[in-house]
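The file work_33.csv comes next; it holds CSV, C-alpha atoms.
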chain,number,residue,atom,x,y,z
A,205,MET,CA,-30.6,-70.1,4.1
A,206,ALA,CA,-29.7,-67.9,1.2
A,207,LYS,CA,-26.4,-66.1,1.0
A,208,TYR,CA,-27.5,-63.1,-1.1
A,209,SER,CA,-24.1,-62.4,-2.4
A,210,THR,CA,-23.0,-60.8,-5.6
A,211,GLY,CA,-21.5,-63.9,-7.1
A,212,SER,CA,-18.0,-63.7,-5.6
A,213,GLY,CA,-18.5,-66.6,-3.2
A,214,GLY,CA,-18.8,-70.3,-4.1
A,215,ASP,CA,-18.4,-72.0,-7.4
A,216,SER,CA,-20.5,-74.3,-9.5
A,217,ALA,CA,-18.8,-77.5,-8.3
A,218,GLY,CA,-20.6,-78.2,-5.1
A,219,GLY,CA,-21.5,-74.8,-3.6
A,220,SER,CA,-25.0,-73.7,-2.7
A,221,CYS,CA,-27.4,-71.5,-4.6
A,222,GLU,CA,-26.8,-67.9,-3.8
A,223,LEU,CA,-30.5,-67.2,-4.0
A,224,CYS,CA,-32.3,-69.9,-2.2
A,225,GLY,CA,-29.4,-71.6,-0.5
A,226,SER,CA,-30.1,-75.1,-1.7
A,227,ASP,CA,-27.0,-77.3,-1.5
A,228,GLY,CA,-25.5,-79.5,-4.2
A,229,GLY,CA,-26.6,-79.8,-7.8
A,230,ASP,CA,-25.3,-78.1,-10.9
A,231,LEU,CA,-25.1,-74.3,-10.3
A,232,GLN,CA,-25.2,-71.8,-13.2
A,233,THR,CA,-24.6,-68.1,-13.6
A,234,ALA,CA,-27.7,-66.0,-13.8
A,235,ASN,CA,-28.5,-62.3,-13.7
A,236,VAL,CA,-30.9,-61.6,-10.9
A,237,ALA,CA,-32.0,-58.0,-10.3
A,238,GLY,CA,-28.8,-56.7,-11.8
A,239,ALA,CA,-26.5,-59.0,-9.8
A,240,THR,CA,-24.6,-62.0,-11.3
A,241,LEU,CA,-25.2,-65.0,-9.1
A,242,GLN,CA,-24.5,-68.7,-9.0
A,243,VAL,CA,-28.0,-70.2,-8.7
A,244,CYS,CA,-29.7,-73.6,-9.0
A,245,ASP,CA,-31.9,-74.6,-12.0
A,246,SER,CA,-35.1,-73.7,-10.2
A,247,CYS,CA,-34.0,-70.2,-9.3
A,248,ALA,CA,-32.5,-69.6,-12.8
A,249,ARG,CA,-35.9,-70.4,-14.3
A,250,ASP,CA,-37.9,-68.5,-11.8
A,251,HIS,CA,-35.8,-65.4,-11.1
A,252,GLY,CA,-33.1,-65.2,-13.8
A,253,GLU,CA,-33.3,-62.3,-16.2
A,254,ASN,CA,-31.4,-64.1,-18.9
A,255,GLU,CA,-31.2,-67.6,-20.2
A,256,ARG,CA,-28.9,-70.1,-18.7
A,257,THR,CA,-25.3,-69.9,-19.8
A,258,THR,CA,-24.3,-73.5,-19.7
A,259,GLY,CA,-22.8,-75.0,-22.9
A,260,SER,CA,-25.7,-77.2,-23.7
A,261,ASP,CA,-28.1,-74.2,-24.0
A,262,SER,CA,-26.0,-72.2,-26.4
A,263,SER,CA,-28.2,-73.3,-29.4
A,264,ARG,CA,-31.4,-72.3,-27.5
A,265,ASP,CA,-29.8,-68.9,-26.7
A,266,GLY,CA,-29.2,-68.4,-30.4
A,267,GLN,CA,-32.8,-69.3,-31.2
A,268,ASN,CA,-34.1,-67.0,-28.5
A,269,ARG,CA,-32.0,-64.1,-29.8
A,270,LYS,CA,-33.3,-64.7,-33.4
A,271,ARG,CA,-36.9,-64.8,-32.1
A,272,LYS,CA,-36.4,-61.6,-30.2
A,273,ALA,CA,-34.7,-59.9,-33.2
A,274,ALA,CA,-37.7,-60.9,-35.4
A,275,GLN,CA,-40.2,-59.6,-32.8
A,276,ASN,CA,-38.3,-56.3,-32.6
A,277,ALA,CA,-38.2,-56.0,-36.4
A,278,ALA,CA,-42.0,-56.6,-36.5
A,279,LYS,CA,-42.6,-54.0,-33.8
A,280,MET,CA,-40.5,-51.5,-35.7
A,281,GLN,CA,-42.3,-52.2,-39.0
A,282,ASP,CA,-45.7,-51.8,-37.2
A,283,ALA,CA,-44.5,-48.5,-35.7
A,284,GLN,CA,-43.5,-47.1,-39.1
A,285,GLN,CA,-46.9,-47.8,-40.7
A,286,ALA,CA,-49.2,-44.9,-39.7
A,287,ASP,CA,-52.6,-45.7,-38.5
A,288,THR,CA,-54.8,-42.9,-39.8
A,289,SER,CA,-58.1,-44.4,-38.7
A,290,HIS,CA,-58.3,-42.1,-35.6
A,291,TRP,CA,-57.5,-38.9,-37.5
A,292,GLU,CA,-60.2,-36.3,-38.0
A,293,ASP,CA,-61.9,-36.4,-41.4
A,294,GLY,CA,-61.0,-33.4,-43.6
A,295,ALA,CA,-58.2,-32.2,-41.3
A,296,ASP,CA,-55.3,-31.1,-43.5
A,297,TYR,CA,-52.8,-29.4,-41.2
A,298,ASP,CA,-50.4,-28.6,-44.0
A,299,ASP,CA,-52.9,-26.2,-45.5
A,300,ASP,CA,-53.2,-24.0,-42.4
A,301,GLN,CA,-49.6,-23.8,-41.2
A,302,LEU,CA,-48.8,-21.4,-38.3
A,303,PRO,CA,-46.4,-18.7,-39.5
A,304,TYR,CA,-43.4,-17.4,-37.5
A,305,LEU,CA,-44.8,-15.1,-34.9
A,306,VAL,CA,-43.3,-12.0,-33.4
A,307,SER,CA,-42.0,-12.2,-29.8
A,308,GLU,CA,-44.7,-11.4,-27.2
A,309,TYR,CA,-47.5,-11.9,-29.8
A,310,GLY,CA,-49.8,-13.0,-27.0
A,311,GLU,CA,-49.5,-9.6,-25.2
A,312,ARG,CA,-50.2,-7.8,-28.5
A,313,VAL,CA,-53.5,-9.8,-29.0
A,314,THR,CA,-54.6,-9.3,-25.4
A,315,GLU,CA,-53.9,-5.6,-25.4
A,316,ALA,CA,-55.7,-5.1,-28.8
A,317,ARG,CA,-58.7,-7.1,-27.7
A,318,GLN,CA,-59.0,-5.1,-24.5
A,319,ASP,CA,-58.7,-1.9,-26.4
A,320,GLU,CA,-61.7,-3.0,-28.5
A,321,GLY,CA,-63.5,-3.7,-25.2
A,322,LEU,CA,-64.1,-7.4,-26.0
A,323,GLN,CA,-63.9,-10.5,-23.9
A,324,THR,CA,-62.2,-13.6,-25.4
A,325,GLY,CA,-65.6,-15.3,-25.9
A,326,GLU,CA,-67.0,-12.2,-27.7
A,327,LEU,CA,-64.0,-12.0,-30.0
A,328,ALA,CA,-64.2,-15.7,-30.8
A,329,GLU,CA,-67.9,-15.3,-31.6
A,330,GLU,CA,-67.2,-12.3,-33.8
A,331,LEU,CA,-64.5,-14.1,-35.8
A,332,GLU,CA,-66.3,-17.4,-35.7
A,333,LEU,CA,-63.2,-19.0,-34.0
A,334,ASP,CA,-62.8,-21.4,-31.1
A,335,GLU,CA,-62.3,-19.4,-27.9
A,336,ALA,CA,-59.6,-21.9,-26.8
A,337,ASP,CA,-57.5,-20.9,-29.8
A,338,ILE,CA,-57.7,-17.3,-28.9
A,339,LEU,CA,-56.8,-18.0,-25.3
A,340,ALA,CA,-53.8,-20.1,-26.5
A,341,VAL,CA,-52.6,-17.2,-28.7
A,342,GLU,CA,-53.0,-14.7,-25.9
A,343,GLN,CA,-51.1,-17.0,-23.5
A,344,GLY,CA,-48.3,-17.5,-26.1
A,345,ARG,CA,-49.1,-21.2,-26.7
A,346,ALA,CA,-50.1,-21.0,-30.4
A,347,THR,CA,-47.6,-23.6,-31.4
A,348,GLN,CA,-48.4,-26.0,-28.6
A,349,ALA,CA,-52.2,-25.7,-29.1
A,350,ASN,CA,-51.8,-26.3,-32.9
A,351,VAL,CA,-53.5,-22.9,-33.7
A,352,GLY,CA,-53.7,-22.5,-37.5
A,353,GLY,CA,-52.4,-19.7,-39.6
A,354,SER,CA,-55.9,-18.7,-40.5
A,355,THR,CA,-56.6,-17.9,-36.8
A,356,ILE,CA,-53.6,-15.6,-36.7
A,357,LYS,CA,-54.6,-13.9,-40.0
A,358,ALA,CA,-58.1,-13.3,-38.7
A,359,LEU,CA,-56.8,-11.8,-35.4
A,360,GLU,CA,-54.4,-9.6,-37.3
A,361,GLN,CA,-57.1,-8.3,-39.7
A,362,TYR,CA,-59.8,-7.7,-37.1
A,363,LEU,CA,-57.6,-6.2,-34.4
A,364,ASP,CA,-55.4,-4.3,-36.9
A,365,ILE,CA,-52.1,-5.7,-35.4
A,366,ASP,CA,-49.0,-7.5,-36.8
A,367,LEU,CA,-48.4,-10.9,-35.4
A,368,VAL,CA,-46.4,-12.5,-38.2
A,369,GLU,CA,-42.7,-11.9,-38.2
A,370,SER,CA,-41.6,-10.2,-41.4
A,371,ASN,CA,-38.3,-11.2,-43.0

Go ahead and render the structure in this file as structure tokens.
Amino acid sequence: MAKYSTGSGGDSAGGSCELCGSDGGDLQTANVAGATLQVCDSCARDHGENERTTGSDSSRDGQNRKRKAAQNAAKMQDAQQADTSHWEDGADYDDDQLPYLVSEYGERVTEARQDEGLQTGELAEELELDEADILAVEQGRATQANVGGSTIKALEQYLDIDLVESN
């Protein structure tokens, strides 16, 4: 029967495995679910979160560390190389940057649109803009929705309002 201790009981010279309870055999220290335990070879292979810590395995530990380091370096290099294959053709977001907007810009747009007697869909159609962009501006989400500066400029001109913060 397993003891399920935290490694404080027993030793490697004749104790029993703290995970499965098997008697005898050469026990080793292994990290199992965050606990350091004295376990048999079988439990160390099946449940240990780290490699065995016996002296004969130190060269294998070094090789595993080198392999892991090489894998991590390869992952980092892959992450640094941008994959542009999924980007929209012709999209150049630097050319249509969103300017700094005045506080409560959404309320200004909503009020001006309502004063003109227009629904968001009608305003979008009139300006040849996406209605979702106009809604995002009215809700104060222009930045999160990636609304371009050209949308803000069109709204300012058509509704005769100021949305861009002046310095």

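The gap separating atom CA of Val351 of chain A from atom CA of Leu322 of chain A is 20.3 Å, in Å to one decimal.
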
Which residue, A:Leu359, A:Ala278, A:Ala237, A:Val243, has the smallest gap to Thr324 of chain A when you use all atoms listed in the file?
A:Leu359

Shell of 8 Å around segment 244-251 of chain A, only C-alpha atoms, local chain residues under 4 positions omitted, as a JSON list (two decimals) with C-alpha atoms, in the frame of the given file:
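Result written to selection_37.json:
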[["chain", "number", "residue", "atom", "x", "y", "z"],
["A", 220, "SER", "CA", -25.00, -73.70, -2.70],
["A", 221, "CYS", "CA", -27.40, -71.50, -4.60],
["A", 223, "LEU", "CA", -30.50, -67.20, -4.00],
["A", 224, "CYS", "CA", -32.30, -69.90, -2.20],
["A", 226, "SER", "CA", -30.10, -75.10, -1.70],
["A", 229, "GLY", "CA", -26.60, -79.80, -7.80],
["A", 230, "ASP", "CA", -25.30, -78.10, -10.90],
["A", 231, "LEU", "CA", -25.10, -74.30, -10.30],
["A", 232, "GLN", "CA", -25.20, -71.80, -13.20],
["A", 234, "ALA", "CA", -27.70, -66.00, -13.80],
["A", 236, "VAL", "CA", -30.90, -61.60, -10.90],
["A", 255, "GLU", "CA", -31.20, -67.60, -20.20],
["A", 256, "ARG", "CA", -28.90, -70.10, -18.70]]

Show me the residues close to (-46.0, -13.4, -39.0) - anything with an atom within 10 Å, counting all atoms listed in the file - and format the list as a PDB file with C-alpha atoms, in the coordinates of the input.
ATOM      1  CA  LEU A 302     -48.800 -21.400 -38.300  1.00  0.00           C
ATOM      2  CA  PRO A 303     -46.400 -18.700 -39.500  1.00  0.00           C
ATOM      3  CA  TYR A 304     -43.400 -17.400 -37.500  1.00  0.00           C
ATOM      4  CA  LEU A 305     -44.800 -15.100 -34.900  1.00  0.00           C
ATOM      5  CA  VAL A 306     -43.300 -12.000 -33.400  1.00  0.00           C
ATOM      6  CA  TYR A 309     -47.500 -11.900 -29.800  1.00  0.00           C
ATOM      7  CA  GLY A 353     -52.400 -19.700 -39.600  1.00  0.00           C
ATOM      8  CA  ILE A 356     -53.600 -15.600 -36.700  1.00  0.00           C
ATOM      9  CA  LYS A 357     -54.600 -13.900 -40.000  1.00  0.00           C
ATOM     10  CA  GLU A 360     -54.400  -9.600 -37.300  1.00  0.00           C
ATOM     11  CA  ASP A 366     -49.000  -7.500 -36.800  1.00  0.00           C
ATOM     12  CA  LEU A 367     -48.400 -10.900 -35.400  1.00  0.00           C
ATOM     13  CA  VAL A 368     -46.400 -12.500 -38.200  1.00  0.00           C
ATOM     14  CA  GLU A 369     -42.700 -11.900 -38.200  1.00  0.00           C
ATOM     15  CA  SER A 370     -41.600 -10.200 -41.400  1.00  0.00           C
ATOM     16  CA  ASN A 371     -38.300 -11.200 -43.000  1.00  0.00           C
TER      17      ASN A 371
END

Atom CA of Gly344 of chain A to atom CA of Ser307 of chain A, straight-line distance in Å
9.0 Å

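Rounded to one decimal, atom CA of Ser354 of chain A and atom CA of Leu331 of chain A lie 10.8 Å from each other.
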
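The nearest approach to Val341 of chain A among the residues A:Glu329, A:Glu311, A:Glu222, A:Asp265, with all atoms listed in the file taken into account, belongs to A:Glu311.
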
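Those residues that approach Asp337 of chain A to within 9 Å, counting all atoms listed in the file, are Ala328, Leu333, Val341, Glu342, Arg345, Ala346, Ala349, Asn350, Val351, Gly352 and Thr355 of chain A; same-chain residues fewer than 4 positions away are not listed.
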
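With distances restricted to all atoms listed in the file, A:Asp364 is the closest residue to Arg317 of chain A from A:Asn276, A:Arg264, A:Arg269, A:Asp364.
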
Would you mind writing segment 321-332 of chain A with all heavy atoms, as a JSON list (two decimals), in the frame of the given file?
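Final output, saved to result_35.json:
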[["chain", "number", "residue", "atom", "x", "y", "z"],
["A", 321, "GLY", "N", -62.51, -3.48, -26.21],
["A", 321, "GLY", "CA", -63.50, -3.70, -25.20],
["A", 321, "GLY", "C", -64.24, -5.04, -25.31],
["A", 321, "GLY", "O", -65.41, -5.16, -24.96],
["A", 322, "LEU", "N", -63.51, -6.05, -25.78],
["A", 322, "LEU", "CA", -64.10, -7.40, -26.00],
["A", 322, "LEU", "C", -63.53, -8.40, -25.01],
["A", 322, "LEU", "O", -62.36, -8.32, -24.62],
["A", 322, "LEU", "CB", -63.80, -7.87, -27.41],
["A", 322, "LEU", "CG", -64.41, -7.06, -28.56],
["A", 322, "LEU", "CD1", -63.85, -7.54, -29.89],
["A", 322, "LEU", "CD2", -65.92, -7.18, -28.55],
["A", 323, "GLN", "N", -64.37, -9.34, -24.65],
["A", 323, "GLN", "CA", -63.90, -10.50, -23.90],
["A", 323, "GLN", "C", -63.45, -11.56, -24.93],
["A", 323, "GLN", "O", -63.80, -11.46, -26.11],
["A", 323, "GLN", "CB", -65.05, -11.10, -23.05],
["A", 323, "GLN", "CG", -65.60, -10.16, -22.01],
["A", 323, "GLN", "CD", -64.57, -9.88, -20.93],
["A", 323, "GLN", "OE1", -63.84, -10.75, -20.50],
["A", 323, "GLN", "NE2", -64.53, -8.64, -20.48],
["A", 324, "THR", "N", -62.71, -12.57, -24.48],
["A", 324, "THR", "CA", -62.20, -13.60, -25.40],
["A", 324, "THR", "C", -63.39, -14.30, -26.11],
["A", 324, "THR", "O", -63.33, -14.58, -27.31],
["A", 324, "THR", "CB", -61.31, -14.61, -24.74],
["A", 324, "THR", "OG1", -62.00, -15.18, -23.63],
["A", 324, "THR", "CG2", -60.01, -14.00, -24.29],
["A", 325, "GLY", "N", -64.45, -14.58, -25.37],
["A", 325, "GLY", "CA", -65.60, -15.30, -25.90],
["A", 325, "GLY", "C", -66.29, -14.40, -27.01],
["A", 325, "GLY", "O", -66.75, -14.92, -28.04],
["A", 326, "GLU", "N", -66.38, -13.09, -26.75],
["A", 326, "GLU", "CA", -67.00, -12.20, -27.70],
["A", 326, "GLU", "C", -66.16, -12.10, -29.00],
["A", 326, "GLU", "O", -66.71, -12.09, -30.11],
["A", 326, "GLU", "CB", -67.16, -10.80, -27.11],
["A", 326, "GLU", "CG", -68.13, -10.75, -25.95],
["A", 326, "GLU", "CD", -68.10, -9.44, -25.20],
["A", 326, "GLU", "OE1", -67.02, -8.79, -25.15],
["A", 326, "GLU", "OE2", -69.15, -9.05, -24.66],
["A", 327, "LEU", "N", -64.84, -12.04, -28.83],
["A", 327, "LEU", "CA", -64.00, -12.00, -30.00],
["A", 327, "LEU", "C", -64.05, -13.29, -30.80],
["A", 327, "LEU", "O", -64.13, -13.26, -32.03],
["A", 327, "LEU", "CB", -62.51, -11.74, -29.56],
["A", 327, "LEU", "CG", -61.47, -11.66, -30.68],
["A", 327, "LEU", "CD1", -61.79, -10.54, -31.67],
["A", 327, "LEU", "CD2", -60.07, -11.48, -30.09],
["A", 328, "ALA", "N", -64.09, -14.40, -30.10],
["A", 328, "ALA", "CA", -64.20, -15.70, -30.80],
["A", 328, "ALA", "C", -65.52, -15.77, -31.55],
["A", 328, "ALA", "O", -65.54, -16.25, -32.69],
["A", 328, "ALA", "CB", -64.14, -16.82, -29.74],
["A", 329, "GLU", "N", -66.58, -15.31, -30.96],
["A", 329, "GLU", "CA", -67.90, -15.30, -31.60],
["A", 329, "GLU", "C", -67.88, -14.42, -32.85],
["A", 329, "GLU", "O", -68.39, -14.77, -33.91],
["A", 329, "GLU", "CB", -68.98, -14.89, -30.65],
["A", 329, "GLU", "CG", -70.38, -15.05, -31.17],
["A", 329, "GLU", "CD", -71.42, -14.70, -30.12],
["A", 329, "GLU", "OE1", -71.27, -15.14, -28.95],
["A", 329, "GLU", "OE2", -72.36, -13.97, -30.46],
["A", 330, "GLU", "N", -67.30, -13.25, -32.70],
["A", 330, "GLU", "CA", -67.20, -12.30, -33.80],
["A", 330, "GLU", "C", -66.46, -12.83, -34.99],
["A", 330, "GLU", "O", -66.84, -12.63, -36.14],
["A", 330, "GLU", "CB", -66.60, -10.98, -33.29],
["A", 330, "GLU", "CG", -66.60, -9.86, -34.28],
["A", 330, "GLU", "CD", -67.99, -9.27, -34.54],
["A", 330, "GLU", "OE1", -68.84, -9.29, -33.63],
["A", 330, "GLU", "OE2", -68.20, -8.80, -35.66],
["A", 331, "LEU", "N", -65.36, -13.54, -34.70],
["A", 331, "LEU", "CA", -64.50, -14.10, -35.80],
["A", 331, "LEU", "C", -64.86, -15.50, -36.16],
["A", 331, "LEU", "O", -64.22, -16.07, -37.05],
["A", 331, "LEU", "CB", -63.04, -14.01, -35.33],
["A", 331, "LEU", "CG", -62.46, -12.62, -35.10],
["A", 331, "LEU", "CD1", -61.05, -12.70, -34.56],
["A", 331, "LEU", "CD2", -62.50, -11.81, -36.38],
["A", 332, "GLU", "N", -65.86, -16.06, -35.47],
["A", 332, "GLU", "CA", -66.30, -17.40, -35.70],
["A", 332, "GLU", "C", -65.05, -18.39, -35.51],
["A", 332, "GLU", "O", -64.78, -19.27, -36.33],
["A", 332, "GLU", "CB", -66.89, -17.64, -37.07],
["A", 332, "GLU", "CG", -68.17, -16.86, -37.24],
["A", 332, "GLU", "CD", -68.80, -17.02, -38.61],
["A", 332, "GLU", "OE1", -68.27, -17.78, -39.45],
["A", 332, "GLU", "OE2", -69.83, -16.38, -38.84]]
